[in-house]
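Colleague: What follows is my_file_13.tsv, TSV, C-alpha atoms and all ligand atoms.
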chain	number	residue	atom	x	y	z
Z	1	MET	CA	41.12	43.39	-5.62
Z	2	SER	CA	42.89	42.13	-2.53
Z	3	GLY	CA	46.23	40.69	-3.70
Z	4	ASP	CA	45.38	38.58	-6.74
Z	5	ARG	CA	42.01	37.59	-5.35
Z	6	VAL	CA	38.77	39.09	-6.62
Z	7	ARG	CA	36.45	40.05	-3.74
Z	8	VAL	CA	32.96	38.83	-4.63
Z	9	GLY	CA	29.56	39.35	-3.02
Z	10	VAL	CA	26.41	37.43	-3.93
Z	11	VAL	CA	22.92	38.95	-4.03
Z	12	GLY	CA	20.14	36.37	-3.80
Z	13	THR	CA	20.95	33.38	-1.63
Z	14	GLY	CA	18.34	31.13	-3.22
Z	15	TRP	CA	18.44	27.87	-5.14
Z	16	TRP	CA	20.92	28.59	-7.95
Z	17	ALA	CA	23.34	30.68	-5.90
Z	18	THR	CA	23.51	28.02	-3.20
Z	19	GLN	CA	23.40	24.99	-5.53
Z	20	VAL	CA	26.04	26.19	-8.01
Z	21	HIS	CA	27.59	29.67	-7.70
Z	22	LEU	CA	28.67	29.79	-4.05
Z	23	ALA	CA	30.29	26.38	-4.12
Z	24	ALA	CA	32.12	27.28	-7.35
Z	25	LEU	CA	33.25	30.68	-6.02
Z	26	LEU	CA	34.49	29.20	-2.72
Z	27	ALA	CA	36.48	26.56	-4.62
Z	28	ASN	CA	38.09	29.19	-6.87
Z	29	PRO	CA	41.63	30.08	-5.65
Z	30	ASN	CA	41.32	33.52	-7.28
Z	31	VAL	CA	38.23	34.55	-5.30
Z	32	THR	CA	37.34	35.59	-1.77
Z	33	VAL	CA	33.60	35.56	-1.10
Z	34	THR	CA	33.33	38.57	1.18
Z	35	ALA	CA	29.59	39.10	1.69
Z	36	LEU	CA	26.07	37.88	0.98
Z	37	ALA	CA	22.82	39.82	0.55
Z	38	ASP	CA	19.18	38.75	0.43
Z	39	THR	CA	16.03	40.64	1.32
Z	40	ASP	CA	14.74	37.52	3.10
Z	41	PRO	CA	16.69	37.33	6.41
Z	42	GLN	CA	15.98	33.61	6.88
Z	43	ARG	CA	17.28	32.59	3.47
Z	44	LEU	CA	20.28	34.88	4.01
Z	45	GLU	CA	21.06	33.31	7.40
Z	46	ARG	CA	20.73	29.76	6.08
Z	47	ALA	CA	23.18	30.35	3.23
Z	48	ALA	CA	25.61	32.36	5.35
Z	49	VAL	CA	25.79	29.61	7.98
Z	50	HIS	CA	26.05	26.83	5.37
Z	51	PHE	CA	28.94	28.54	3.54
Z	52	GLY	CA	30.53	30.26	6.57
Z	53	ILE	CA	30.24	33.86	5.30
Z	54	ASN	CA	30.15	36.46	8.08
Z	55	GLU	CA	29.19	39.66	6.28
Z	56	ARG	CA	25.44	39.63	5.61
Z	57	PHE	CA	23.17	42.36	4.24
Z	58	VAL	CA	19.38	42.45	3.91
Z	59	ASP	CA	19.86	45.62	1.85
Z	60	PRO	CA	21.86	44.89	-1.34
Z	61	ASP	CA	22.67	48.60	-1.75
Z	62	ALA	CA	24.41	48.59	1.63
Z	63	MET	CA	26.53	45.65	0.45
Z	64	PHE	CA	27.38	47.44	-2.82
Z	65	ALA	CA	28.47	50.52	-0.82
Z	66	SER	CA	30.38	48.54	1.82
Z	67	GLY	CA	33.79	48.66	0.13
Z	68	LEU	CA	34.01	44.88	0.59
Z	69	LEU	CA	33.51	43.97	-3.08
Z	70	ASP	CA	35.16	44.17	-6.50
Z	71	GLY	CA	32.29	42.34	-8.15
Z	72	VAL	CA	28.84	40.96	-7.47
Z	73	VAL	CA	26.86	37.92	-8.57
Z	74	ILE	CA	23.15	38.70	-8.90
Z	75	ALA	CA	20.95	35.62	-8.59
Z	76	THR	CA	17.53	37.03	-7.78
Z	77	PRO	CA	14.13	36.87	-9.57
Z	78	HIS	CA	14.16	38.17	-13.14
Z	79	ALA	CA	12.21	41.38	-12.53
Z	80	THR	CA	14.73	42.53	-9.90
Z	81	HIS	CA	17.81	42.23	-12.16
Z	82	TYR	CA	17.63	45.65	-13.82
Z	83	ALA	CA	17.61	47.75	-10.61
Z	84	LEU	CA	20.23	45.58	-8.89
Z	85	VAL	CA	22.62	45.56	-11.87
Z	86	LYS	CA	22.24	49.31	-12.29
Z	87	ALA	CA	22.96	49.97	-8.60
Z	88	ALA	CA	25.96	47.62	-8.64
Z	89	LEU	CA	27.46	49.28	-11.75
Z	90	GLU	CA	26.92	52.71	-10.22
Z	91	HIS	CA	29.07	51.51	-7.30
Z	92	ASP	CA	31.74	50.57	-9.88
Z	93	LEU	CA	31.35	46.85	-9.34
Z	94	HIS	CA	31.84	44.15	-11.98
Z	95	VAL	CA	28.62	42.19	-12.47
Z	96	LEU	CA	27.64	38.62	-13.17
Z	97	CYS	CA	23.85	38.69	-13.56
Z	98	GLU	CA	21.78	35.54	-13.84
Z	99	LYS	CA	19.64	34.97	-16.90
Z	100	PRO	CA	17.44	36.30	-18.37
Z	101	PHE	CA	19.49	39.50	-18.17
Z	102	VAL	CA	16.53	41.92	-17.90
Z	103	LEU	CA	12.91	41.97	-19.04
Z	104	GLU	CA	13.03	44.92	-21.45
Z	105	ALA	CA	15.56	45.61	-24.19
Z	106	SER	CA	15.64	49.34	-23.32
Z	107	GLN	CA	16.81	48.40	-19.80
Z	108	GLY	CA	19.52	46.20	-21.28
Z	109	HIS	CA	20.80	48.94	-23.60
Z	110	GLU	CA	20.92	51.37	-20.68
Z	111	LEU	CA	22.96	48.93	-18.56
Z	112	LEU	CA	25.36	48.27	-21.46
Z	113	GLY	CA	25.95	52.04	-21.64
Z	114	ILE	CA	26.67	52.34	-17.91
Z	115	ALA	CA	29.04	49.35	-17.94
Z	116	ARG	CA	30.89	50.77	-20.94
Z	117	GLU	CA	31.16	54.22	-19.36
Z	118	ARG	CA	32.44	52.82	-16.06
Z	119	ARG	CA	34.60	50.14	-17.74
Z	120	ARG	CA	33.05	47.34	-15.72
Z	121	HIS	CA	32.92	43.71	-16.91
Z	122	MET	CA	29.40	42.36	-17.21
Z	123	LEU	CA	28.60	38.71	-17.85
Z	124	VAL	CA	25.19	36.99	-17.93
Z	125	GLY	CA	24.70	33.51	-16.43
Z	126	PHE	CA	24.15	31.55	-19.67
Z	127	THR	CA	25.98	28.26	-19.58
Z	128	TYR	CA	26.02	26.62	-23.03
Z	129	GLN	CA	28.68	28.96	-24.44
Z	130	TYR	CA	31.06	27.33	-21.96
Z	131	THR	CA	30.71	23.96	-23.71
Z	132	ARG	CA	33.34	22.89	-26.23
Z	133	HIS	CA	30.62	22.17	-28.82
Z	134	ALA	CA	29.07	25.65	-28.72
Z	135	ARG	CA	32.54	27.15	-29.18
Z	136	LEU	CA	33.28	24.78	-32.10
Z	137	ALA	CA	29.91	25.48	-33.73
Z	138	ARG	CA	30.63	29.20	-33.43
Z	139	GLN	CA	34.09	28.81	-35.00
Z	140	MET	CA	32.67	26.75	-37.87
Z	141	ILE	CA	29.93	29.27	-38.62
Z	142	HIS	CA	32.22	32.30	-38.28
Z	143	SER	CA	34.93	30.74	-40.50
Z	144	GLY	CA	32.37	30.09	-43.26
Z	145	LYS	CA	32.72	26.31	-43.07
Z	146	ILE	CA	28.99	25.71	-43.61
Z	147	GLY	CA	28.72	28.70	-45.93
Z	148	GLU	CA	26.16	31.44	-45.58
Z	149	LEU	CA	23.62	30.85	-42.79
Z	150	LEU	CA	20.18	29.92	-44.18
Z	151	PHE	CA	18.13	28.42	-41.37
Z	152	VAL	CA	18.36	27.52	-37.66
Z	153	SER	CA	15.99	25.19	-35.85
Z	154	GLY	CA	15.91	24.72	-32.07
Z	155	LEU	CA	14.03	22.35	-29.77
Z	156	PHE	CA	14.31	22.76	-25.99
Z	157	ALA	CA	12.07	20.43	-23.96
Z	158	SER	CA	12.75	20.54	-20.23
Z	159	MET	CA	11.33	19.95	-16.76
Z	160	VAL	CA	10.07	23.25	-15.29
Z	161	GLU	CA	6.26	23.05	-15.13
Z	162	ALA	CA	6.09	22.48	-11.36
Z	163	TYR	CA	8.04	25.70	-10.82
Z	164	TYR	CA	5.48	27.55	-12.97
Z	165	ARG	CA	2.78	26.09	-10.66
Z	166	GLY	CA	4.72	27.22	-7.59
Z	167	ASN	CA	5.10	23.57	-6.54
Z	168	VAL	CA	8.87	23.70	-6.03
Z	169	SER	CA	9.18	20.55	-3.89
Z	170	GLU	CA	8.19	18.35	-6.87
Z	171	TYR	CA	11.81	18.46	-8.13
Z	172	GLU	CA	13.42	17.77	-4.74
Z	173	SER	CA	14.49	14.28	-5.81
Z	174	VAL	CA	16.20	15.68	-8.92
Z	175	PHE	CA	18.08	18.67	-7.50
Z	176	ASN	CA	18.35	17.68	-3.80
Z	177	PHE	CA	18.48	21.42	-2.95
Z	178	PRO	CA	21.57	21.40	-0.69
Z	179	VAL	CA	20.50	24.65	1.02
Z	180	VAL	CA	17.14	25.84	-0.28
Z	181	ALA	CA	14.59	25.33	-3.08
Z	182	PRO	CA	13.47	28.27	-5.21
Z	183	ASP	CA	10.94	30.54	-3.60
Z	184	ARG	CA	7.51	29.41	-4.84
Z	185	GLN	CA	6.83	32.88	-6.37
Z	186	THR	CA	10.10	33.21	-8.31
Z	187	TYR	CA	8.93	31.32	-11.42
Z	188	SER	CA	5.13	31.29	-10.91
Z	189	ASP	CA	4.43	34.99	-10.38
Z	190	PRO	CA	4.70	36.78	-13.73
Z	191	ARG	CA	5.40	40.06	-11.92
Z	192	LEU	CA	8.66	38.50	-10.68
Z	193	SER	CA	9.50	36.21	-13.61
Z	194	GLY	CA	8.24	38.25	-16.57
Z	195	GLY	CA	6.80	34.98	-17.95
Z	196	GLY	CA	7.44	31.24	-18.03
Z	197	GLN	CA	9.18	29.05	-20.59
Z	198	ALA	CA	10.38	31.91	-22.80
Z	199	GLN	CA	12.06	33.78	-19.94
Z	200	THR	CA	13.34	30.72	-18.12
Z	201	GLN	CA	14.39	28.34	-20.93
Z	202	VAL	CA	14.09	29.90	-24.41
Z	203	SER	CA	16.47	32.57	-23.09
Z	204	HIS	CA	19.17	29.86	-22.64
Z	205	ALA	CA	18.53	28.40	-26.08
Z	206	MET	CA	18.34	31.61	-28.08
Z	207	ASN	CA	21.27	33.22	-26.30
Z	208	MET	CA	23.37	30.29	-27.47
Z	209	VAL	CA	21.96	30.60	-31.03
Z	210	PHE	CA	22.73	34.33	-31.16
Z	211	TRP	CA	26.22	33.74	-29.76
Z	212	VAL	CA	27.01	30.82	-32.08
Z	213	THR	CA	25.73	32.61	-35.20
Z	214	GLY	CA	26.85	36.12	-34.18
Z	215	ARG	CA	23.51	37.38	-35.50
Z	216	ARG	CA	20.42	39.10	-34.09
Z	217	ALA	CA	16.73	38.75	-34.88
Z	218	THR	CA	14.84	41.40	-36.83
Z	219	GLU	CA	11.32	39.93	-36.80
Z	220	VAL	CA	9.58	37.46	-34.48
Z	221	HIS	CA	6.22	35.68	-34.58
Z	222	GLY	CA	5.40	33.73	-31.41
Z	223	TRP	CA	2.58	31.52	-30.17
Z	224	MET	CA	2.37	30.62	-26.48
Z	225	LEU	CA	0.35	28.13	-24.47
Z	226	ASN	CA	-0.35	28.56	-20.75
Z	227	ARG	CA	-2.77	25.66	-20.10
Z	228	GLY	CA	-4.20	27.36	-17.00
Z	229	LEU	CA	-0.80	28.37	-15.61
Z	230	PRO	CA	-0.04	32.00	-14.74
Z	231	VAL	CA	2.85	31.92	-17.26
Z	232	ASP	CA	3.63	30.29	-20.64
Z	233	LEU	CA	4.44	26.57	-20.60
Z	234	ALA	CA	5.02	25.94	-24.32
Z	235	ASP	CA	6.21	28.33	-27.01
Z	236	ALA	CA	6.46	28.09	-30.81
Z	237	ILE	CA	8.43	30.97	-32.29
Z	238	ALA	CA	9.37	31.70	-35.90
Z	239	TYR	CA	11.86	34.46	-36.63
Z	240	ARG	CA	14.10	36.15	-39.19
Z	241	PHE	CA	17.81	36.90	-38.67
Z	242	ASP	CA	19.49	40.14	-39.71
Z	243	ASN	CA	21.09	38.43	-42.76
Z	244	GLY	CA	17.65	37.26	-43.97
Z	245	ALA	CA	18.06	33.67	-42.69
Z	246	LEU	CA	15.05	32.10	-40.98
Z	247	GLY	CA	14.72	30.32	-37.65
Z	248	THR	CA	12.29	28.38	-35.50
Z	249	MET	CA	12.41	27.84	-31.75
Z	250	ALA	CA	10.15	25.30	-30.07
Z	251	SER	CA	10.11	24.84	-26.32
Z	252	THR	CA	8.05	23.18	-23.62
Z	253	GLY	CA	8.62	22.94	-19.87
Z	254	SER	CA	6.21	20.01	-19.47
Z	255	LEU	CA	8.67	17.11	-19.00
Z	256	ARG	CA	8.46	15.11	-15.76
Z	257	PRO	CA	11.28	13.90	-13.46
Z	258	GLY	CA	12.88	10.82	-15.02
Z	259	GLN	CA	11.94	11.69	-18.60
Z	260	PRO	CA	14.81	12.40	-20.99
Z	261	GLN	CA	15.17	16.09	-21.84
Z	262	GLN	CA	15.58	17.02	-25.52
Z	263	GLN	CA	17.68	20.01	-26.50
Z	264	GLU	CA	18.63	19.93	-30.15
Z	265	PHE	CA	19.81	22.65	-32.54
Z	266	ARG	CA	20.46	22.56	-36.26
Z	267	TYR	CA	22.32	25.25	-38.19
Z	268	TYR	CA	21.92	25.01	-41.99
Z	269	GLY	CA	24.23	26.87	-44.38
Z	270	THR	CA	24.83	26.97	-48.13
Z	271	ARG	CA	27.74	24.45	-47.85
Z	272	GLY	CA	26.51	22.09	-45.10
Z	273	PHE	CA	24.88	21.89	-41.70
Z	274	LEU	CA	25.61	21.26	-38.01
Z	275	LEU	CA	23.56	19.13	-35.63
Z	276	GLN	CA	24.09	19.99	-31.96
Z	277	GLU	CA	22.50	17.80	-29.28
Z	278	LEU	CA	23.11	19.43	-25.90
Z	279	ILE	CA	21.98	16.63	-23.60
Z	280	GLN	CA	23.68	13.81	-25.54
Z	281	GLY	CA	26.79	15.98	-25.93
Z	282	LYS	CA	26.98	15.40	-29.70
Z	283	LEU	CA	28.00	17.68	-32.54
Z	284	THR	CA	27.87	16.41	-36.12
Z	285	VAL	CA	29.03	18.27	-39.20
Z	286	CYS	CA	27.39	17.26	-42.50
Z	287	MET	CA	28.80	18.85	-45.65
Z	288	ASN	CA	26.98	19.15	-49.00
Z	289	ASP	CA	29.56	16.84	-50.66
Z	290	GLY	CA	28.22	14.00	-48.50
Z	291	THR	CA	31.09	13.92	-46.00
Z	292	THR	CA	30.37	13.85	-42.28
Z	293	GLU	CA	32.84	14.94	-39.63
Z	294	SER	CA	32.63	13.58	-36.14
Z	295	VAL	CA	33.60	15.78	-33.26
Z	296	PRO	CA	34.47	14.07	-29.93
Z	297	ASP	CA	31.37	13.83	-27.69
Z	298	LEU	CA	31.10	15.83	-24.49
Z	299	THR	CA	31.29	13.86	-21.26
Z	300	ALA	CA	28.17	14.02	-19.06
Z	301	ALA	CA	29.95	16.52	-16.79
Z	302	GLU	CA	30.77	18.73	-19.78
Z	303	THR	CA	27.18	19.06	-21.03
Z	304	TYR	CA	26.11	21.68	-18.45
Z	305	PRO	CA	29.19	23.33	-16.89
Z	306	GLY	CA	27.31	25.59	-14.44
Z	307	GLU	CA	30.44	26.32	-12.39
Z	308	ALA	CA	32.32	27.55	-15.48
Z	309	VAL	CA	30.25	30.73	-15.52
Z	310	THR	CA	31.64	32.29	-12.32
Z	311	ALA	CA	35.14	31.01	-13.17
Z	312	GLY	CA	34.91	32.63	-16.62
Z	313	TRP	CA	33.71	35.93	-15.14
Z	314	VAL	CA	36.49	36.01	-12.53
Z	315	ASP	CA	39.09	35.36	-15.26
Z	316	VAL	CA	37.68	38.24	-17.31
Z	317	ILE	CA	37.98	40.55	-14.28
Z	318	ARG	CA	41.58	39.36	-13.75
Z	319	GLY	CA	42.35	40.12	-17.40
Z	320	CYS	CA	43.09	36.53	-18.35
Z	321	GLY	CA	39.95	35.29	-20.10
Z	322	GLU	CA	37.39	35.96	-22.81
Z	323	ASN	CA	33.81	36.88	-21.90
Z	324	LEU	CA	31.86	33.96	-23.44
Z	325	SER	CA	28.51	35.19	-22.14
Z	326	ASP	CA	28.63	38.89	-22.88
Z	327	ALA	CA	25.79	41.25	-22.05
Z	328	GLU	CA	25.56	42.51	-25.66
Z	329	THR	CA	24.43	39.05	-26.79
Z	330	ALA	CA	22.14	38.81	-23.74
Z	331	VAL	CA	20.43	42.05	-24.81
Z	332	ARG	CA	19.79	40.55	-28.28
Z	333	THR	CA	18.11	37.67	-26.43
Z	334	VAL	CA	16.01	40.11	-24.38
Z	335	GLU	CA	14.94	41.84	-27.63
Z	336	PHE	CA	13.88	38.46	-29.03
Z	337	ILE	CA	11.92	37.35	-25.96
Z	338	GLU	CA	10.24	40.70	-25.48
Z	339	ALA	CA	9.15	40.59	-29.14
Z	340	ALA	CA	7.94	36.97	-28.79
Z	341	TYR	CA	5.67	37.89	-25.85
Z	342	ARG	CA	4.32	40.95	-27.67
Z	343	SER	CA	3.73	38.91	-30.80
Z	344	ALA	CA	1.93	36.13	-28.91
Z	345	ALA	CA	-0.29	38.70	-27.15
Z	346	ARG	CA	-1.32	40.51	-30.32
Z	347	GLY	CA	-1.32	37.55	-32.73
Z	348	SER	CA	0.94	39.05	-35.39
Z	349	PRO	CA	4.69	39.35	-36.07
Z	350	VAL	CA	6.75	41.98	-34.24
Z	351	ARG	CA	9.72	43.75	-35.82
Z	352	ILE	CA	12.79	44.52	-33.73
Z	353	ALA	CA	14.30	47.93	-34.43
Z	354	PRO	CA	17.94	47.87	-35.56
Z	355	PRO	CA	20.41	48.97	-32.88
Z	356	SER	CA	20.99	52.71	-32.89
Z	357	ALA	CA	24.49	53.71	-34.05
Z	401	LIG	N1	21.86	29.51	-15.26
Z	401	LIG	C1	21.04	28.57	-14.83
Z	401	LIG	O1	21.10	27.45	-15.29
Z	401	LIG	C2	20.03	28.90	-13.77
Z	401	LIG	C3	19.38	27.88	-13.06
Z	401	LIG	C4	18.47	28.26	-12.07
Z	401	LIG	C5	18.18	29.60	-11.84
Z	401	LIG	N2	18.81	30.54	-12.58
Z	401	LIG	C6	18.51	31.97	-12.39
Z	401	LIG	O2	18.96	32.38	-11.10
Z	401	LIG	C7	18.13	33.44	-10.62
Z	401	LIG	C8	17.61	33.07	-9.23
Z	401	LIG	O3	16.81	31.91	-9.34
Z	401	LIG	P1	16.63	30.93	-8.10
Z	401	LIG	O4	15.96	29.71	-8.63
Z	401	LIG	O5	17.89	30.80	-7.36
Z	401	LIG	O6	15.54	31.75	-7.26
Z	401	LIG	P2	15.25	31.67	-5.68
Z	401	LIG	O7	13.82	32.02	-5.50
Z	401	LIG	O8	15.70	30.37	-5.12
Z	401	LIG	O9	16.20	32.79	-5.09
Z	401	LIG	C9	16.01	34.15	-5.29
Z	401	LIG	C10	16.46	34.85	-3.99
Z	401	LIG	O10	16.47	36.25	-4.25
Z	401	LIG	C11	15.97	36.90	-3.08
Z	401	LIG	N3	15.50	38.23	-3.50
Z	401	LIG	C12	14.35	38.55	-4.12
Z	401	LIG	N4	14.33	39.86	-4.44
Z	401	LIG	C13	15.51	40.36	-4.00
Z	401	LIG	C14	16.10	41.67	-4.03
Z	401	LIG	N5	15.48	42.70	-4.62
Z	401	LIG	N6	17.30	41.85	-3.48
Z	401	LIG	C15	17.96	40.81	-2.89
Z	401	LIG	N7	17.45	39.56	-2.83
Z	401	LIG	C16	16.25	39.34	-3.39
Z	401	LIG	C17	14.90	35.99	-2.56
Z	401	LIG	O11	14.64	36.21	-1.18
Z	401	LIG	C18	15.50	34.61	-2.83
Z	401	LIG	O12	16.25	34.12	-1.74
Z	401	LIG	C19	17.04	33.64	-11.68
Z	401	LIG	O13	17.43	34.66	-12.55
Z	401	LIG	C20	17.03	32.31	-12.39
Z	401	LIG	O14	16.51	32.36	-13.72
Z	401	LIG	C21	19.73	30.22	-13.52
Will you turn the file into structure tokens for me?
Ligand SMILES: NC(=O)c1ccc[n+]([C@@H]2O[C@H](COP(=O)([O-])OP(=O)(O)OC[C@H]3O[C@@H](n4cnc5c(N)ncnc54)[C@H](O)[C@@H]3O)[C@@H](O)[C@H]2O)c1

Modeller:
Amino acid sequence: MSGDRVRVGVVGTGWWATQVHLAALLANPNVTVTALADTDPQRLERAAVHFGINERFVDPDAMFASGLLDGVVIATPHATHYALVKAALEHDLHVLCEKPFVLEASQGHELLGIARERRRHMLVGFTYQYTRHARLARQMIHSGKIGELLFVSGLFASMVEAYYRGNVSEYESVFNFPVVAPDRQTYSDPRLSGGGQAQTQVSHAMNMVFWVTGRRATEVHGWMLNRGLPVDLADAIAYRFDNGALGTMASTGSLRPGQPQQQEFRYYGTRGFLLQELIQGKLTVCMNDGTTESVPDLTAAETYPGEAVTAGWVDVIRGCGENLSDAETAVRTVEFIEAAYRSAARGSPVRIAPPSA
């Protein structure tokens, strides 16, 4: 670190890094953004000029080895995460990797081991844990308020289909893309994305469920619908938690600009249940004795605090914050998604092996 400031580099100067992370990092008084890397020189140049960053690398490894960084944000296509995170950790850098963490659970376990050995902080770019309601839901479940967990149901309907078609300009009016839209291959080419709705959206939903409940899945049965796309558009997944509780996760990326998104989660226990509506910013607690507790709603700005992720990671590096999107939970999400794809391909449930001691 230079003084109290964490020196941060960013790999992948595409849509999400330029729409959210770079602006948030540059506004953070505890950060100096020292360098950018992207294998596409044009995208690199565009972002570097827009944000006024002089040090630019088309080879991420050269940036990792440059001595300019304490930590790196990795915001590249899903299939590239494993090799980039591994190389960054091996240069003793702290890592914030975008979601989904990696495509295979074995890769995730390996990276957890390297981070532990090198004492590096690793955070994955899931956002919902940074909402007040996810933290409250977690506290209520962990304190036993709703009793023993019996059942969790999740619905996540969102607007992603055009990305799966490679038609990225269709969402221009929604996101405005201040610097650049996603590359058309990033979400449409399964070799880069590892899949569609499960990798891109179910990962967000289930990572929050695993974090809120503190549990992992042991068995998964998934059905997936592509409707002529190269990747899955809609997923229906049933699963079992490690305490025997059951869960369902339903997700479609077929919504159109202007339609209301629906992202609703219900956690049922032996003493009551929680209803969490992410878009409406509502959390309701319903106890078995008939009482209902109201929790103050989230403001619109609080429902998706994208900029909180880099701020949270920087605080963890500075020793003054808790990691709310830890890589251990992200690996449980990778296990779940990997099992869901395998189950959908073979048409039968897939068991997830317990973690080795
Ligand atoms: N947390 C969120 O809400 C959220 C939202 C959007 C995207 N994301 C995630 O952010 C990541 C990036 O998505 P995006 O939409 O910004 O994609 P993008 O296509 O806009 O950007 C990816 C960039 O990575 C570069 N790149 C590709 N391979 C590389 C490599 N090996 N080394 C260095 N650079 C490389 C590409 O040239 C491109 O500029 C993905 O993991 C995505 O799921 C997260």

Colleague: Can you list, as a list in words, every protein, DNA or RNA residue that comes within 7 Å of Arg351 (chain Z) when you count all atoms listed in the file, leaving out same-chain residues fewer than 6 positions away?

Modeller: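 After dropping sequence-adjacent residues, the list is Thr218, Glu219 and Val220 of chain Z.
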
Colleague: Hey, which bits of region 92-198 of chain Z sit within 10 Å of region 25-43 of chain Z, and for each residue what's the closest pair of atoms and how far apart in Å (one decimal), counting only C-alpha atoms, rows by chain and increasing number, as a Markdown table?

Modeller:
| residue | atom | partner | partner_atom | distance |
| --- | --- | --- | --- | --- |
| Z:Val179 | CA | Z:Arg43 | CA | 8.9 |
| Z:Val180 | CA | Z:Arg43 | CA | 7.7 |
| Z:Asp183 | CA | Z:Arg43 | CA | 9.7 |

Colleague: Write out as a PyMOL selection string the residues lying within 8 Å of Phe126 (chain Z), counting only C-alpha atoms and excluding same-chain residues fewer than 6 positions away.

Modeller: chain Z and resi 98-99+204+207-208+309+325

Colleague: Go ahead and save the picked residues with C-alpha atoms, as a short mmCIF file (atom, residue, chain, number, x, y, z; two decimals), in the frame of the given file.

Modeller:
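The result, stored in part22.cif:
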data_model
loop_
_atom_site.label_atom_id
_atom_site.label_comp_id
_atom_site.auth_asym_id
_atom_site.auth_seq_id
_atom_site.Cartn_x
_atom_site.Cartn_y
_atom_site.Cartn_z
CA GLU Z 98 21.78 35.54 -13.84
CA LYS Z 99 19.64 34.97 -16.90
CA HIS Z 204 19.17 29.86 -22.64
CA ASN Z 207 21.27 33.22 -26.30
CA MET Z 208 23.37 30.29 -27.47
CA VAL Z 309 30.25 30.73 -15.52
CA SER Z 325 28.51 35.19 -22.14
#

Colleague: Residues up to 9 Å from ligand LIG 401 (chain Z), counting only C-alpha atoms and all ligand atoms: could you list those as number ranges by chain?

Modeller: Z: 11-20, 37-44, 57-61, 74-81, 83-84, 97-101, 124-127, 180-187, 192-193, 199-201, 204, 304, 306, 309

Colleague: Give the centre and edge lengths of an axis-aligned box, in Å to one decimal, that holds all listed atoms of region 199-204 of chain Z with 6 Å on each side, as AutoDock Vina command-line options.

Modeller:
--center_x 15.6 --center_y 31.1 --center_z -21.3 --size_x 19.1 --size_y 17.4 --size_z 18.3

Colleague: Select, from Z:Thr131, Z:Gly67, Z:Met206, Z:Val6, the residue with the minimum atom-to-atom distance to Ala301 (chain Z), counting only C-alpha atoms.

Modeller: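 The answer is Z:Thr131, which sits nearest to Ala301 (chain Z).
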
Colleague: Mind giving me the straight-line distance from CA of Trp313 (chain Z) to CA of Ala105 (chain Z) in Å, one decimal?

Modeller: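 Computing the Euclidean distance for CA of Trp313 (chain Z) and CA of Ala105 (chain Z) yields 22.5 Å.
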
Colleague: Could you tell me which of Z:Ser158, Z:Thr333, Z:Asn54, Z:Thr248 comes closest to Ala234 (chain Z) if we count only C-alpha atoms?

Modeller: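 Closest to Ala234 (chain Z), using only C-alpha atoms: Z:Ser158.
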
Colleague: So what do you get for CA of Arg271 (chain Z) versus CA of Met287 (chain Z), distance-wise?

Modeller: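 CA of Met287 (chain Z) lies 6.1 Å from CA of Arg271 (chain Z).
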
Colleague: To one decimal place in Å, what is the distance between CA of Leu22 (chain Z) and CA of Pro257 (chain Z)?

Modeller: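 These atoms are spaced 25.4 Å apart.
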
Colleague: Taking 2 positions as the minimum chain separation for residues in the same chain, which residues sit within 12 Å of region 337-345 of chain Z when counting only C-alpha atoms? Answer as a PyMOL selection string.

Modeller: chain Z and resi 100-108+194-207+216-226+231-232+234-239+248-250+330-335+347-353

Colleague: With all atoms listed in the file as the counted atoms, please give the residues lying no more than 9 Å from Glu148 (chain Z), apart from itself and same-chain residues fewer than 6 positions off, as a list in words.

Modeller: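 So the residues in contact are Ile141, Ala245, Tyr268, Gly269, Thr270 and Arg271 of chain Z.
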
Colleague: I need the residue nearest Asp92 (chain Z) from this list: Z:Asp4, Z:Glu117, Z:Asp297, Z:Glu302. Use all atoms listed in the file for the distance.

Modeller: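 Among the listed residues, Z:Glu117 lies closest to Asp92 (chain Z).
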
Colleague: With 12 Å as the cut-off and only C-alpha atoms counted, what is the closest atom pair between each nearby residue of region 40-149 of chain Z and region 160-178 of chain Z? Distances in Å to one decimal, ordered by chain and number, as JSON lines.

Modeller:
{"residue": "Z:Arg46", "atom": "CA", "partner": "Z:Pro178", "partner_atom": "CA", "distance": 10.8}
{"residue": "Z:Ala47", "atom": "CA", "partner": "Z:Pro178", "partner_atom": "CA", "distance": 9.9}
{"residue": "Z:His50", "atom": "CA", "partner": "Z:Pro178", "partner_atom": "CA", "distance": 9.3}
{"residue": "Z:Phe51", "atom": "CA", "partner": "Z:Pro178", "partner_atom": "CA", "distance": 11.1}

Colleague: How about completing region 37-41 of chain Z with N, CA and C atoms and giving it to me as a PDB file, in the frame of the given file?

Modeller:
ATOM      1  N   ALA Z  37      23.990  38.966   0.322  1.00  0.00           N
ATOM      2  CA  ALA Z  37      22.820  39.820   0.550  1.00  0.00           C
ATOM      3  C   ALA Z  37      21.559  39.090   0.087  1.00  0.00           C
ATOM      4  N   ASP Z  38      20.491  39.250   0.842  1.00  0.00           N
ATOM      5  CA  ASP Z  38      19.180  38.750   0.430  1.00  0.00           C
ATOM      6  C   ASP Z  38      18.149  39.524   1.253  1.00  0.00           C
ATOM      7  N   THR Z  39      17.061  39.894   0.600  1.00  0.00           N
ATOM      8  CA  THR Z  39      16.030  40.640   1.320  1.00  0.00           C
ATOM      9  C   THR Z  39      15.266  39.762   2.307  1.00  0.00           C
ATOM     10  N   ASP Z  40      15.403  38.446   2.170  1.00  0.00           N
ATOM     11  CA  ASP Z  40      14.740  37.520   3.100  1.00  0.00           C
ATOM     12  C   ASP Z  40      15.780  37.093   4.158  1.00  0.00           C
ATOM     13  N   PRO Z  41      15.647  37.589   5.403  1.00  0.00           N
ATOM     14  CA  PRO Z  41      16.690  37.330   6.410  1.00  0.00           C
ATOM     15  C   PRO Z  41      16.893  35.841   6.705  1.00  0.00           C
TER      16      PRO Z  41
END
